[in-house]
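What follows is a single structure, written as structure tokens, with notes after it.
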Amino acid sequence: MGDVDDRPIRHVVFNPSARASLVEALKSLGRPDEVVALFDDLRCGPLDLGDLPARERWFDEVLGVDYERGLIGQRHTDFWPKALAPDRRLIAWTTRHGAQDWIGFLFWAARLSEALAEVIDISDVLFPDWRDPTSLRRRPVARIAPYQIVEQRLIELARPVTAKERAEGGTRFRAS
């Protein structure tokens, strides 16, 4: 990114479990970085953020999930201003091998406009399988243990979000 970016770091993840692992890893590294997570799974349901009540109705009517009225809207109201805050160095975590991670990332990237932001894409990183440590597999962000974030130095993989990634998010999702 050229010049040193001295804004406070905020990591952006799209799964609450990913947040928990990342917070623990950052703590063990002695880093003061913040982590925000979207508490909504964008893999399903209508994605028009301008009509979150329709998303709530869909979860209720189609999936039979009876969320407290306004809960989904509140989750988005809490998340998006933090996830897009220009006063922070934003670093999203994703992988093309985890639908929730990838869709969340593209949805986020489409909303960045021209803001500087980074991504840690672990799509090509292999992790030992818990059943057979000699077998290596790709994992969604939420299935990475804190010690793996530290040992594999994943934070060092941060790179700028590309114009292509922003455009892909924009073509797949309406910027609402």
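Residue numbering restarts at 1 in every chain; chains get A, B, ... in the order shown in the structure tokens, and ligands count up from 1 in that same order.
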TODO: Could you please write out, as an MDAnalysis selection string, every residue of range 19-64 of chain A that DSSP assigns to strand (DSSP E)?
DONE: chainID A and resid 34:37
Convert the current residue selection to file output with N, CA and C atoms, as a compact mmCIF listing (two decimals), in the first residue's frame.
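Wrote result39.txt, looks like this:
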# COMPACT_ATOMS: atom_id res chain seq x y z
N GLU A 34 -8.91 -4.80 16.58
CA GLU A 34 -10.32 -5.10 16.79
C GLU A 34 -10.77 -6.16 15.78
N VAL A 35 -11.84 -6.86 16.12
CA VAL A 35 -12.44 -7.82 15.19
C VAL A 35 -13.95 -7.63 15.22
N VAL A 36 -14.54 -7.46 14.03
CA VAL A 36 -16.00 -7.39 13.93
C VAL A 36 -16.48 -8.55 13.07
N ALA A 37 -17.63 -9.09 13.44
CA ALA A 37 -18.20 -10.22 12.70
C ALA A 37 -19.64 -9.93 12.33
TODO: Report as a VMD selection string: the residues of chain A with a DSSP assignment of helix (DSSP H, G or I), based on the backbone of this structure.
DONE: chain A and resid 16 to 28 49 to 63 71 to 83 99 to 110 141 to 143 146 to 151 154 to 157 163 to 172
- [ ] Skip range 162-164 of chain A itself and residues of its chain fewer than 2 positions away, then list as a PyMOL selection string all residues within 12 Å of it, counting only C-alpha atoms.
- [x] chain A and resi 1+106+109-110+112-121+158-160+166-171
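The protein and nucleic acid residues lying at most 12 Å from Leu154 in chain A are Leu22, Ala25, Leu26, Leu29, Ile91, Trp93, Thr94, Val119, Ile120, Asp121, Ile122, Ser123, Asp124, Val125, Leu126, Phe127, Val141, Ile144, Ala145, Pro146, Tyr147, Gln148, Ile149 and Arg159 of chain A, with only C-alpha atoms considered and sequence neighbours fewer than 5 positions away removed.
Residues surrounding Pro81 in chain A within 12 Å are Arg10, Val12, Val36, Ala37, Leu38, Gln74, Arg75, His76, Pro86, Asp87, Arg88, Leu90, Trp108, Arg111 and Leu112 of chain A [only C-alpha atoms; sequence separation below 5 positions excluded].
Considering only C-alpha atoms, the residue among A:Leu71, A:Leu84, A:Phe107, A:Ser17 positioned nearest to Leu47 in chain A is A:Phe107.
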Pick out the residues sitting within 7 Å of Glu56 in chain A, and hand them over as a short mmCIF file (atom, residue, chain, number, x, y, z; two decimals) with N, CA and C atoms, in the first residue's frame; count only C-alpha atoms, and ignore anything fewer than 4 positions along from it in its own chain.
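Below is the file result.cif, written as the result:
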data_model
loop_
_atom_site.label_atom_id
_atom_site.label_comp_id
_atom_site.auth_asym_id
_atom_site.auth_seq_id
_atom_site.Cartn_x
_atom_site.Cartn_y
_atom_site.Cartn_z
N LEU A 52 -34.50 -5.14 5.23
CA LEU A 52 -34.17 -6.21 6.17
C LEU A 52 -35.39 -6.90 6.78
N ASP A 60 -38.25 -16.63 8.69
CA ASP A 60 -39.40 -17.15 9.43
C ASP A 60 -40.25 -18.06 8.55
N ILE A 72 -32.28 -9.19 12.94
CA ILE A 72 -31.41 -9.21 11.76
C ILE A 72 -31.03 -7.79 11.38
#
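CA of Ala20 in chain A sits 27.4 Å away from CA of Asp48 in chain A.
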